[in-house]
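Structure file final_25.pdb (PDB, C-alpha atoms) follows.
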ATOM      1  CA  MET A   1     -45.871  48.889 140.916
ATOM      2  CA  ILE A   2     -47.238  47.239 137.772
ATOM      3  CA  GLN A   3     -47.341  49.602 134.760
ATOM      4  CA  LEU A   4     -49.933  49.136 132.026
ATOM      5  CA  GLY A   5     -48.505  49.398 128.512
ATOM      6  CA  LYS A   6     -44.873  49.004 129.556
ATOM      7  CA  THR A   7     -42.217  46.290 129.478
ATOM      8  CA  GLN A   8     -41.019  45.671 133.021
ATOM      9  CA  CYS A   9     -39.104  43.207 135.160
ATOM     10  CA  LEU A  10     -41.346  41.532 137.773
ATOM     11  CA  ASN A  11     -40.781  38.770 140.305
ATOM     12  CA  ILE A  12     -42.853  35.593 140.498
ATOM     13  CA  VAL A  13     -44.930  35.658 143.694
ATOM     14  CA  LYS A  14     -47.163  32.620 143.092
ATOM     15  CA  LYS A  15     -47.316  29.550 140.837
ATOM     16  CA  THR A  16     -50.659  28.026 139.782
ATOM     17  CA  ASP A  17     -51.890  25.399 137.310
ATOM     18  CA  PHE A  18     -52.833  28.129 134.827
ATOM     19  CA  GLY A  19     -49.684  30.291 135.038
ATOM     20  CA  VAL A  20     -47.677  32.412 137.439
ATOM     21  CA  TYR A  21     -48.491  35.656 139.221
ATOM     22  CA  LEU A  22     -45.899  38.435 138.990
ATOM     23  CA  GLY A  23     -45.405  41.561 141.094
ATOM     24  CA  THR A  24     -46.225  41.617 144.806
ATOM     25  CA  GLU A  25     -48.887  39.974 146.975
ATOM     26  CA  ASP A  26     -50.911  43.211 146.873
ATOM     27  CA  ASP A  27     -50.281  44.159 143.238
ATOM     28  CA  LYS A  28     -49.942  41.189 140.912
ATOM     29  CA  VAL A  29     -50.601  40.196 137.304
ATOM     30  CA  LEU A  30     -51.046  36.801 135.642
ATOM     31  CA  LEU A  31     -48.604  35.429 133.083
ATOM     32  CA  PRO A  32     -50.573  32.592 131.392
ATOM     33  CA  LYS A  33     -49.104  29.082 131.482
ATOM     34  CA  LYS A  34     -48.271  28.965 127.764
ATOM     35  CA  GLN A  35     -46.003  32.026 128.273
ATOM     36  CA  VAL A  36     -44.181  30.753 131.371
ATOM     37  CA  PRO A  37     -40.574  29.635 130.742
ATOM     38  CA  GLU A  38     -39.641  26.165 132.015
ATOM     39  CA  ASP A  39     -38.066  25.642 135.431
ATOM     40  CA  VAL A  40     -38.981  28.997 136.958
ATOM     41  CA  GLU A  41     -39.602  29.332 140.676
ATOM     42  CA  VAL A  42     -41.193  31.811 143.071
ATOM     43  CA  GLY A  43     -38.791  34.741 143.463
ATOM     44  CA  ASP A  44     -37.442  34.532 139.898
ATOM     45  CA  ALA A  45     -37.629  37.719 137.819
ATOM     46  CA  LEU A  46     -39.197  37.789 134.348
ATOM     47  CA  THR A  47     -39.304  40.585 131.761
ATOM     48  CA  VAL A  48     -42.892  41.003 130.566
ATOM     49  CA  PHE A  49     -45.216  43.476 128.868
ATOM     50  CA  VAL A  50     -48.492  44.261 130.673
ATOM     51  CA  TYR A  51     -51.742  44.969 128.813
ATOM     52  CA  LYS A  52     -55.450  44.097 129.151
ATOM     53  CA  ASP A  53     -57.177  40.977 127.863
ATOM     54  CA  SER A  54     -60.578  40.897 126.127
ATOM     55  CA  SER A  55     -62.267  40.925 129.566
ATOM     56  CA  ASP A  56     -60.359  44.115 130.537
ATOM     57  CA  ARG A  57     -58.182  42.293 133.080
ATOM     58  CA  LEU A  58     -54.483  43.034 133.376
ATOM     59  CA  ILE A  59     -52.423  40.304 131.749
ATOM     60  CA  ALA A  60     -48.693  39.811 131.195
ATOM     61  CA  THR A  61     -46.925  38.466 128.123
ATOM     62  CA  THR A  62     -43.331  37.599 127.289
ATOM     63  CA  ASN A  63     -44.016  38.601 123.664
ATOM     64  CA  LYS A  64     -42.544  41.926 122.585
ATOM     65  CA  PRO A  65     -45.083  44.494 121.304
ATOM     66  CA  LYS A  66     -44.197  46.801 118.408
ATOM     67  CA  ILE A  67     -45.207  49.858 120.469
ATOM     68  CA  GLN A  68     -45.412  50.843 124.151
ATOM     69  CA  LEU A  69     -47.376  53.451 126.090
ATOM     70  CA  GLY A  70     -46.348  56.933 124.930
ATOM     71  CA  GLY A  71     -44.288  55.512 122.062
ATOM     72  CA  LEU A  72     -44.580  55.944 118.283
ATOM     73  CA  ALA A  73     -44.528  53.180 115.662
ATOM     74  CA  ARG A  74     -45.789  52.305 112.181
ATOM     75  CA  LEU A  75     -48.493  49.670 112.513
ATOM     76  CA  LYS A  76     -50.505  47.821 109.871
ATOM     77  CA  VAL A  77     -54.322  47.922 109.767
ATOM     78  CA  CYS A  78     -55.775  44.400 110.057
ATOM     79  CA  GLU A  79     -59.446  45.356 110.056
ATOM     80  CA  VAL A  80     -61.684  48.423 109.769
ATOM     81  CA  SER A  81     -64.831  48.086 111.902
ATOM     82  CA  SER A  82     -67.778  50.172 113.089
ATOM     83  CA  ILE A  83     -65.816  51.530 116.084
ATOM     84  CA  GLY A  84     -62.513  52.202 114.354
ATOM     85  CA  ALA A  85     -59.598  50.231 112.973
ATOM     86  CA  PHE A  86     -57.675  47.376 114.551
ATOM     87  CA  LEU A  87     -53.905  47.396 114.100
ATOM     88  CA  ASP A  88     -51.303  44.664 114.477
ATOM     89  CA  TRP A  89     -48.970  45.552 117.345
ATOM     90  CA  GLY A  90     -47.346  42.131 117.711
ATOM     91  CA  LEU A  91     -49.655  40.655 120.356
ATOM     92  CA  GLU A  92     -52.573  38.198 120.066
ATOM     93  CA  LYS A  93     -55.278  40.839 120.375
ATOM     94  CA  ASP A  94     -55.034  43.726 117.862
ATOM     95  CA  ILE A  95     -55.061  47.291 119.207
ATOM     96  CA  LEU A  96     -57.855  49.795 118.515
ATOM     97  CA  LEU A  97     -57.403  53.026 116.555
ATOM     98  CA  PRO A  98     -60.723  54.819 117.313
ATOM     99  CA  PHE A  99     -62.365  56.867 114.536
ATOM    100  CA  LYS A 100     -61.916  60.090 116.520
ATOM    101  CA  GLU A 101     -58.144  59.473 116.627
ATOM    102  CA  GLN A 102     -57.811  59.094 112.835
ATOM    103  CA  THR A 103     -56.473  62.074 110.887
ATOM    104  CA  SER A 104     -57.486  60.505 107.561
ATOM    105  CA  LYS A 105     -59.433  57.465 106.395
ATOM    106  CA  VAL A 106     -57.391  54.307 106.947
ATOM    107  CA  ARG A 107     -57.325  51.260 104.712
ATOM    108  CA  GLU A 108     -56.888  47.590 105.558
ATOM    109  CA  GLY A 109     -53.377  46.368 104.788
ATOM    110  CA  GLN A 110     -51.849  49.873 104.977
ATOM    111  CA  SER A 111     -49.464  51.007 107.733
ATOM    112  CA  TYR A 112     -49.729  54.288 109.637
ATOM    113  CA  LEU A 113     -47.656  56.123 112.215
ATOM    114  CA  VAL A 114     -49.452  56.024 115.561
ATOM    115  CA  ARG A 115     -48.878  56.823 119.223
ATOM    116  CA  MET A 116     -50.095  54.590 122.046
ATOM    117  CA  TYR A 117     -52.167  56.173 124.817
ATOM    118  CA  GLU A 118     -54.496  55.108 127.629
ATOM    119  CA  ASP A 119     -58.154  56.060 127.095
ATOM    120  CA  ARG A 120     -60.637  57.182 129.761
ATOM    121  CA  SER A 121     -61.593  53.544 130.402
ATOM    122  CA  LYS A 122     -57.921  52.760 131.150
ATOM    123  CA  ARG A 123     -57.597  50.739 127.935
ATOM    124  CA  LEU A 124     -54.640  50.914 125.580
ATOM    125  CA  CYS A 125     -55.427  52.482 122.195
ATOM    126  CA  VAL A 126     -53.490  54.219 119.438
ATOM    127  CA  SER A 127     -53.889  57.602 117.767
ATOM    128  CA  MET A 128     -52.748  59.081 114.452
ATOM    129  CA  LYS A 129     -52.546  62.513 116.140
ATOM    130  CA  VAL A 130     -48.776  62.420 116.610
ATOM    131  CA  TYR A 131     -47.642  65.967 115.753
ATOM    132  CA  ALA A 132     -47.392  67.201 119.363
ATOM    133  CA  TYR A 133     -45.229  64.204 120.306
ATOM    134  CA  LEU A 134     -42.583  64.548 117.603
ATOM    135  CA  GLU A 135     -39.240  66.150 118.379
ATOM    136  CA  THR A 136     -38.293  69.417 116.698
ATOM    137  CA  GLN A 137     -34.543  69.339 117.391
ATOM    138  CA  SER A 138     -33.198  66.953 114.729
ATOM    139  CA  PRO A 139     -29.547  66.100 114.031
ATOM    140  CA  TYR A 140     -30.008  66.830 110.303
ATOM    141  CA  LYS A 141     -28.747  69.796 108.323
ATOM    142  CA  ALA A 142     -29.541  71.224 104.880
ATOM    143  CA  GLY A 143     -28.563  68.784 102.132
ATOM    144  CA  ASP A 144     -28.992  65.612 104.223
ATOM    145  CA  PHE A 145     -31.080  62.831 102.681
ATOM    146  CA  VAL A 146     -33.794  61.570 105.065
ATOM    147  CA  SER A 147     -36.818  59.271 105.068
ATOM    148  CA  GLY A 148     -39.966  59.248 107.158
ATOM    149  CA  THR A 149     -43.687  58.577 107.354
ATOM    150  CA  VAL A 150     -46.364  61.005 106.165
ATOM    151  CA  PHE A 151     -48.688  61.493 109.150
ATOM    152  CA  GLU A 152     -50.859  64.339 107.858
ATOM    153  CA  PHE A 153     -51.589  66.107 104.581
ATOM    154  CA  ASN A 154     -52.738  69.716 104.205
ATOM    155  CA  GLN A 155     -53.755  70.997 100.749
ATOM    156  CA  ASN A 156     -52.384  74.468 101.534
ATOM    157  CA  LEU A 157     -49.207  73.619 103.419
ATOM    158  CA  GLY A 158     -48.101  70.202 102.153
ATOM    159  CA  ALA A 159     -47.159  66.850 103.674
ATOM    160  CA  PHE A 160     -46.239  66.594 107.346
ATOM    161  CA  VAL A 161     -43.587  63.914 107.760
ATOM    162  CA  ALA A 162     -42.141  62.172 110.812
ATOM    163  CA  VAL A 163     -38.480  61.771 109.848
ATOM    164  CA  ASP A 164     -37.184  58.480 111.290
ATOM    165  CA  ASN A 165     -40.691  58.348 112.849
ATOM    166  CA  ARG A 166     -39.318  60.751 115.435
ATOM    167  CA  TYR A 167     -38.714  64.281 114.099
ATOM    168  CA  SER A 168     -41.310  66.688 112.705
ATOM    169  CA  ALA A 169     -40.787  67.943 109.136
ATOM    170  CA  LEU A 170     -42.784  69.450 106.259
ATOM    171  CA  ILE A 171     -42.608  68.894 102.516
ATOM    172  CA  PRO A 172     -44.076  72.156 101.136
ATOM    173  CA  MET A 173     -46.930  71.874  98.626
ATOM    174  CA  LYS A 174     -44.765  73.415  95.854
ATOM    175  CA  GLU A 175     -42.270  70.521  96.252
ATOM    176  CA  ILE A 176     -44.937  67.833  95.840
ATOM    177  CA  HIS A 177     -45.288  66.666  92.246
ATOM    178  CA  SER A 178     -47.309  63.472  92.713
ATOM    179  CA  ARG A 179     -49.973  62.221  95.098
ATOM    180  CA  ILE A 180     -48.761  61.479  98.640
ATOM    181  CA  ASN A 181     -50.942  59.487 101.022
ATOM    182  CA  VAL A 182     -50.954  59.504 104.819
ATOM    183  CA  GLY A 183     -49.015  56.451 106.010
ATOM    184  CA  GLU A 184     -46.608  56.443 103.053
ATOM    185  CA  THR A 185     -42.867  56.336 103.549
ATOM    186  CA  VAL A 186     -41.154  59.157 101.671
ATOM    187  CA  GLU A 187     -37.547  60.136 101.060
ATOM    188  CA  ALA A 188     -36.400  63.729 100.653
ATOM    189  CA  ARG A 189     -33.425  66.017 100.934
ATOM    190  CA  VAL A 190     -33.437  68.543 103.788
ATOM    191  CA  ALA A 191     -33.828  72.007 102.213
ATOM    192  CA  ASN A 192     -33.485  74.088 105.359
ATOM    193  CA  VAL A 193     -33.647  73.810 109.113
ATOM    194  CA  ARG A 194     -35.580  76.446 111.030
ATOM    195  CA  GLU A 195     -34.089  78.278 113.980
ATOM    196  CA  ASP A 196     -36.182  76.202 116.385
ATOM    197  CA  GLY A 197     -34.932  73.008 114.757
ATOM    198  CA  LYS A 198     -38.077  72.288 112.720
TER     199      LYS A 198
END
Using structure tokens, write down the structure from this file.
Amino acid sequence: MIQLGKTQCLNIVKKTDFGVYLGTEDDKVLLPKKQVPEDVEVGDALTVFVYKDSSDRLIATTNKPKIQLGGLARLKVCEVSSIGAFLDWGLEKDILLPFKEQTSKVREGQSYLVRMYEDRSKRLCVSMKVYAYLETQSPYKAGDFVSGTVFEFNQNLGAFVAVDNRYSALIPMKEIHSRINVGETVEARVANVREDGK
């Protein structure tokens, strides 16, 4: 079964003048001609990423995206538009970060930690709401030096940081001595680790 937003290994089921179809006769996706390696035949397996083109049709690519469905990554804003921001995820068509999925105002040229999800229209989008998807059990202990991305800022609590873009952490407000922006990479020493690993 073809999975949207995932890298997968699919077999060639049909060759055409404009590319090859991968998958099965009943469930197939087009890999455009410019992406097809030379000397491939029906039955050969190719590793591809599946997403949707500008006409909302499933399409395959041999290019490697910077993020996959359910995954987290720091992506750079290419453009801010009336519907949200468009981020560079390594493919031809930039990915949408809708306004309602932004935890702070984003700026062109800046990078932010985002998670890829599938919206109600079955389109791939990204969200800055990553807290619930970060792990709490980290391998770090008090005194370790770590770095991560600020994904949220609270005037009362402090800066929420995704250490290694994977583990949830907090820099308390009393420890912050200069302005920290969402999307910034910060380095800090682990002061303490809570019982639940946070």
**Asked** What is the distance, in Å and to one decimal place, between atom CA of Ala169 of chain A and atom CA of Gly90 of chain A?
**Response** 28.0 Å
**Item:** Resolved residues for the PyMOL selection byres ((chain A and resi 23-26) around 9) as a PyMOL selection string
**Value:** chain A and resi 1-2+9-14+21-22+27-29
**Request:** Go through A:Leu31, A:Val161, A:Ala142, A:Val130 one by one, measure the shortest atom-to-atom distance of each to Leu72 of chain A using all atoms listed in the file, and give the residue with the smallest value.
**Result:** A:Val130
**Prompt:** Out of A:Lys66, A:Glu108, A:Val77, A:Phe18, which residue has the shortest atom-to-atom distance to Trp89 of chain A when counting all atoms listed in the file?
**Reply:** A:Lys66
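Residue membership of the PyMOL selection byres ((chain A and resi 135) around 8) in the shown file amounts to Tyr133, Leu134, Thr136, Gln137, Ser138, Arg166, Tyr167 and Ser168 of chain A.
For the pair atom CA of Thr149 of chain A and atom CA of Gly70 of chain A, the separation is 17.9 Å.
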